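A short worksheet on the structure shown next.
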Amino acid sequence: MPTLVLPPESPPSHKTYSVQRYSIAEFLALELADGFIRTYQRQYHAKKQALRPNTKHNLSNRLIRMKTTYLFVFLFAIFQHGMSQNYIFFLHNKFTEEHHADEKHPAYGKAQYNEIIREFERENFILITEKRPKNTVVKEYAKKVAGQIDSLLQSGIKPNQITVIGLSKGGYIAQYVSTLLANPNINFVFIGSYQETDLKQLSDISYCGNILTIYEKTDILGVSAVNRTKNSKFKISRFDEIELNTNLKHGFLFQPLKEWIYPSMMWANQNYKALNRFKKDYQISLQSKVYLDTLTLYDTTRLRKIPVAYYSKKNYKKSKKQQIVIFSHGYGQNKGGDYLAYSYLTEYLASQNLFVASIQHELPTDSLLPSTGIPQIVRRPCWERGADNILFVINELKKSYPNLNFAKITLIGHSNGGDMTALFPQKYPQIVNKIITLDNRRMALPKATNLRVYSLRSTDQLADEGVLPNEKEKKEFKMRLIKLPNTTHDQMDDNANEKQRAEIRSYILKFIQE
């Protein structure tokens, strides 16, 4: 993507930069405007030799007016787009401030500032950051950041669209920004930047806003900041904290670890439901025998990000015998984080020596799933996109995990994800050998002799006509449909109780092992 280097407020004596990334759509808009202007310039220069002097003057003025009009229209479009995006002010640690990018800390290695920045840029935030000069004064720099945020607020940006994230020394700067602004609606994430002695030594800090603190259990600064919240005189609209256990000490914030980057993004997007789910899953993963790895893939053909979670058994030696499960979640209204749901099922299957990939199908930038019209027509593009996501993940797995058993791939999907699952083998035949749907209702189940098809049905929702096979088709294509007598459609996700979860897990594992 194109990079805009923003000029500093005054000429600095040190090298600094602030980075703003425009989306591809915005860049194309600028290019289009520039193309119109260049076209008109060529026409102008081609004709001006034959025109009278006063006509040349009028045409020149017309060109200037045209430039101004296009510039206003497209800058207004970009401004409107920026008004709806979320802003992140990212403040790095002290080591990055005092050393070159390639220098390594003797204990923690390289401070991966650029790699961390890229993680935030991928998620469509407007990112504002710079490499601070050596020996930056915390309070003075906090005043500068507070001034920049004030400018955004005065331009019409809402406080809850702004998040300040700080690591270590950057976290202390962020705390002073919170104090200076005293705005209860701005979001803050303080990472590895609190110890109990701060209450006395830094008594002028008073938290204000939506506050998330993240700390590492093995870090000297790894303590809860609850006492600071009790000591703060300003309004704290929301407070949460996450204790990590990476065993990396203070070095955990030198790396772009998902353990602190993902919660920070969720906080910036005010996706508290996903954050709570992340916290719960993280605690479970510390105690379980299952390893969870989350990453964001990028399909360059479709220019699309695909967040995915990989579940695998810890200390399990992967071989060509390890089967693959691709899971597709139910519709989550584009809020994100759904690929981390259904952990009662995905983690269980991984514990049974299966390699599980759970895909995030909807992004915040996608159109909402149509609620009117014929579902098989208006929702088909969504299912097509889901099938393409599944194919892309399978191909990426072949590159990253070539020893997996790609001859035995099972697709599982709930509700709308079940419709994607049902479509996939019809669009891409002979890639998977089994599909299992959890109460899909719109897309017809495939009928093929070289594909095993299973479906768990709820007690409260009926499938559309033609979605489920008749008795003759079930027998001919060896399709199995099981009705769960005590489970509704909405009780197949994380709303399921322990008895329902056990029943669903039992059936699905049996289907996979058949």
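Order determines the names: the first chain of the structure tokens is A, the second B, and so forth; residues in each chain are numbered 1 upward, and ligands are numbered 1 upward as they are shown.
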Item to complete: Within 12 Å of A:Lys279, counting only C-alpha atoms, which residues show up once you throw out same-chain ones fewer than 5 positions away? Write them as a list in words, please.
Response: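 Counting only the stated atoms, we get Ile214, Asp240, Glu241, Ile242, Glu243, Leu244, Glu259, Trp260, Tyr262, Pro263, Met266, Tyr272, Lys273, Ala274, Ile284, Ser285, Leu286, Leu340 and Ala341 of chain A.
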Mind dumping a table of every stretch 185-218 of chain A residue within 12 Å of stretch 128-149 of chain A, with the nearest atom pair and its distance in Å to one decimal, using only C-alpha atoms, sorted by chain and rising number, as a Markdown table?
```
| residue | atom | partner | partner_atom | distance |
| --- | --- | --- | --- | --- |
| A:Ile186 | CA | A:Ile149 | CA | 9.7 |
| A:Asn187 | CA | A:Ile149 | CA | 11.7 |
| A:Leu202 | CA | A:Lys139 | CA | 11.2 |
| A:Asp204 | CA | A:Lys139 | CA | 10.6 |
| A:Ile205 | CA | A:Lys139 | CA | 10.3 |
```
With C-alpha atoms kept, could you save the residues just selected as a PDB file, in the first residue's frame?
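Below you can see again_21.pdb, which holds the result:
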```
ATOM      1  CA  ILE A 186     -10.785   7.199  24.573  1.00  0.00           C
ATOM      2  CA  ASN A 187      -9.268   3.690  24.565  1.00  0.00           C
ATOM      3  CA  LEU A 202       4.405   8.397  39.816  1.00  0.00           C
ATOM      4  CA  ASP A 204       0.511  12.257  39.276  1.00  0.00           C
ATOM      5  CA  ILE A 205      -0.782   9.518  36.945  1.00  0.00           C
TER       6      ILE A 205
END
```
Fill in: Test item: residues at most 10 Å from stretch 417-426 of chain A, only C-alpha atoms, excluding those fewer than 5 positions along its chain, as JSON, numbers by chain
{"A": [326, 327, 328, 329, 330, 331, 359, 361, 376, 379, 380, 382, 383, 384, 385, 386, 387, 388, 389, 390, 391, 410, 411, 412, 431, 432, 433, 434, 435, 436, 437, 438, 439, 440, 441, 442, 443, 444, 445, 446, 447, 448, 451, 453, 455, 467]}
Practice prompt. Write out as a ChimeraX atom specification which residues come within 12 Å of A:Tyr339 when counting only C-alpha atoms, dropping same-chain ones fewer than 3 positions away.
Written response: /A:274,277-278,281,292-296,306-311,326-332,334-336,342-343,345-346,356-363,413-414,417,493-494
Worksheet item: Could you work out how far atom CA of A:Pro159 lies from atom CA of A:Ile88, giving the answer in Å with one decimal?
Response: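 Value for the atom CA of A:Ile88-atom CA of A:Pro159 distance: 11.6 Å.
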Worksheet item: Hey, what's within 8 Å of A:Asn93 if we count only C-alpha atoms and toss same-chain stuff fewer than 3 positions away? As a list in words, please?
Response: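 So the residues in contact are Thr96, Glu97, Gly166, Leu167, Ser168, Lys169, Gly170 and Gly171 of chain A.
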Worksheet item: If you count only C-alpha atoms, which residues fall within 10 Å of stretch 216-231 of chain A, apart from same-chain ones fewer than 2 positions away, as an MDAnalysis selection string?
Response: chainID A and resid 168 190:196 198:199 203 205:208 211:214 233:236 239:253 260
Fill in: Counting only C-alpha atoms, the option among A:Asn114, A:Gln323, A:Ser506, A:Ser178 closest to A:Pro402
A:Gln323
Worksheet entry | Distance criterion (only C-alpha atoms): nearest to A:Arg304 out of A:Asp366, A:His105, A:Lys474, A:Lys510 |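 Smallest separation from A:Arg304 among the options: A:Asp366.
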Worksheet item: Which neighbours of A:Ala496 fall inside 12 Å, counting only C-alpha atoms, when residues of the same chain fewer than 2 positions from it are skipped, and could you give them as a list in words?
Response: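 Here the qualifying residues turn out to be Ala341, Tyr342, Ser343, Tyr344, Leu345, Ser458, Asn486, Thr487, Thr488, His489, Asp490, Gln491, Met492, Asp493, Asp494, Glu498, Lys499, Gln500, Arg501, Ala502, Glu503, Ile504 and Arg505 of chain A.
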Discussion item. Run DSSP on the backbone and tell me which residues of stretch 177-396 of chain A come out as helix (DSSP H, G or I); list them as a PyMOL selection string.
Written reply: chain A and resi 177-181+198-201+226-231+249-254+258-268+272-287+338-340+343-351+375-378+380-396
Fill in: Gap from atom CA of A:Ala174 to atom CA of A:Asn276 - Å, one decimal
23.3 Å
Item to complete: Could you tell me how far atom CA of A:Arg457 lies from atom CA of A:Val393, in Å and to one decimal?
Response: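 One can read the atom CA of A:Arg457 to atom CA of A:Val393 distance as 27.0 Å.
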Among stretch 335-509 of chain A, which ones does DSSP assign to strand (DSSP E or B) (computed from the backbone)? Answer as a short mmCIF file (atom, residue, chain, number, x, y, z; two decimals) with N, CA and C atoms, in the first residue's frame.
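Once everything was written out, this is states.cif:
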```
data_model
loop_
_atom_site.label_atom_id
_atom_site.label_comp_id
_atom_site.auth_asym_id
_atom_site.auth_seq_id
_atom_site.Cartn_x
_atom_site.Cartn_y
_atom_site.Cartn_z
N PHE A 355 -5.58 -32.33 13.02
CA PHE A 355 -5.11 -30.96 12.80
C PHE A 355 -6.32 -30.13 12.37
N VAL A 356 -6.67 -29.11 13.16
CA VAL A 356 -7.89 -28.34 12.93
C VAL A 356 -7.55 -26.91 12.52
N ALA A 357 -8.17 -26.45 11.45
CA ALA A 357 -8.03 -25.05 11.01
C ALA A 357 -9.42 -24.41 11.05
N SER A 358 -9.56 -23.35 11.84
CA SER A 358 -10.84 -22.63 11.95
C SER A 358 -10.69 -21.29 11.25
N ILE A 359 -11.59 -21.00 10.30
CA ILE A 359 -11.45 -19.83 9.41
C ILE A 359 -12.41 -18.71 9.81
N ILE A 409 -9.49 -35.01 4.26
CA ILE A 409 -9.88 -33.69 4.76
C ILE A 409 -11.37 -33.70 5.05
N THR A 410 -11.73 -33.29 6.26
CA THR A 410 -13.13 -33.19 6.66
C THR A 410 -13.50 -31.73 6.85
N LEU A 411 -14.58 -31.30 6.22
CA LEU A 411 -15.10 -29.95 6.43
C LEU A 411 -16.25 -30.01 7.42
N ILE A 412 -16.25 -29.07 8.37
CA ILE A 412 -17.34 -28.96 9.35
C ILE A 412 -17.80 -27.51 9.37
N GLY A 413 -19.11 -27.30 9.41
CA GLY A 413 -19.62 -25.94 9.47
C GLY A 413 -20.97 -25.88 10.13
N HIS A 414 -21.19 -24.79 10.87
CA HIS A 414 -22.47 -24.57 11.56
C HIS A 414 -23.27 -23.48 10.85
N LYS A 434 -14.97 -35.84 3.26
CA LYS A 434 -16.11 -35.83 4.15
C LYS A 434 -16.54 -34.40 4.46
N ILE A 435 -17.85 -34.21 4.63
CA ILE A 435 -18.34 -32.95 5.17
C ILE A 435 -19.35 -33.26 6.27
N ILE A 436 -19.36 -32.39 7.29
CA ILE A 436 -20.30 -32.52 8.41
C ILE A 436 -20.92 -31.15 8.63
N THR A 437 -22.22 -31.05 8.48
CA THR A 437 -22.86 -29.75 8.72
C THR A 437 -23.65 -29.80 10.03
N LEU A 438 -23.63 -28.68 10.73
CA LEU A 438 -24.41 -28.51 11.94
C LEU A 438 -25.59 -27.61 11.62
N ARG A 452 -18.53 -38.58 1.61
CA ARG A 452 -19.39 -38.93 2.73
C ARG A 452 -19.97 -37.63 3.31
N VAL A 453 -21.30 -37.63 3.49
CA VAL A 453 -22.01 -36.44 3.95
C VAL A 453 -22.77 -36.77 5.23
N TYR A 454 -22.54 -35.93 6.26
CA TYR A 454 -23.21 -36.09 7.55
C TYR A 454 -23.82 -34.75 7.95
N SER A 455 -24.89 -34.80 8.73
CA SER A 455 -25.49 -33.56 9.20
C SER A 455 -26.20 -33.79 10.54
N LEU A 456 -25.91 -32.93 11.51
CA LEU A 456 -26.61 -32.93 12.79
C LEU A 456 -27.70 -31.87 12.72
N ARG A 457 -28.93 -32.25 13.06
CA ARG A 457 -30.06 -31.36 12.91
C ARG A 457 -30.61 -30.94 14.27
N ARG A 480 -25.83 -39.53 6.17
CA ARG A 480 -26.37 -39.74 7.52
C ARG A 480 -26.83 -38.43 8.12
N LEU A 481 -28.08 -38.39 8.53
CA LEU A 481 -28.64 -37.21 9.20
C LEU A 481 -29.11 -37.64 10.59
N ILE A 482 -28.64 -36.92 11.61
CA ILE A 482 -28.99 -37.24 12.99
C ILE A 482 -29.68 -36.03 13.62
N LYS A 483 -30.87 -36.25 14.16
CA LYS A 483 -31.57 -35.17 14.85
C LYS A 483 -31.21 -35.22 16.33
#
```
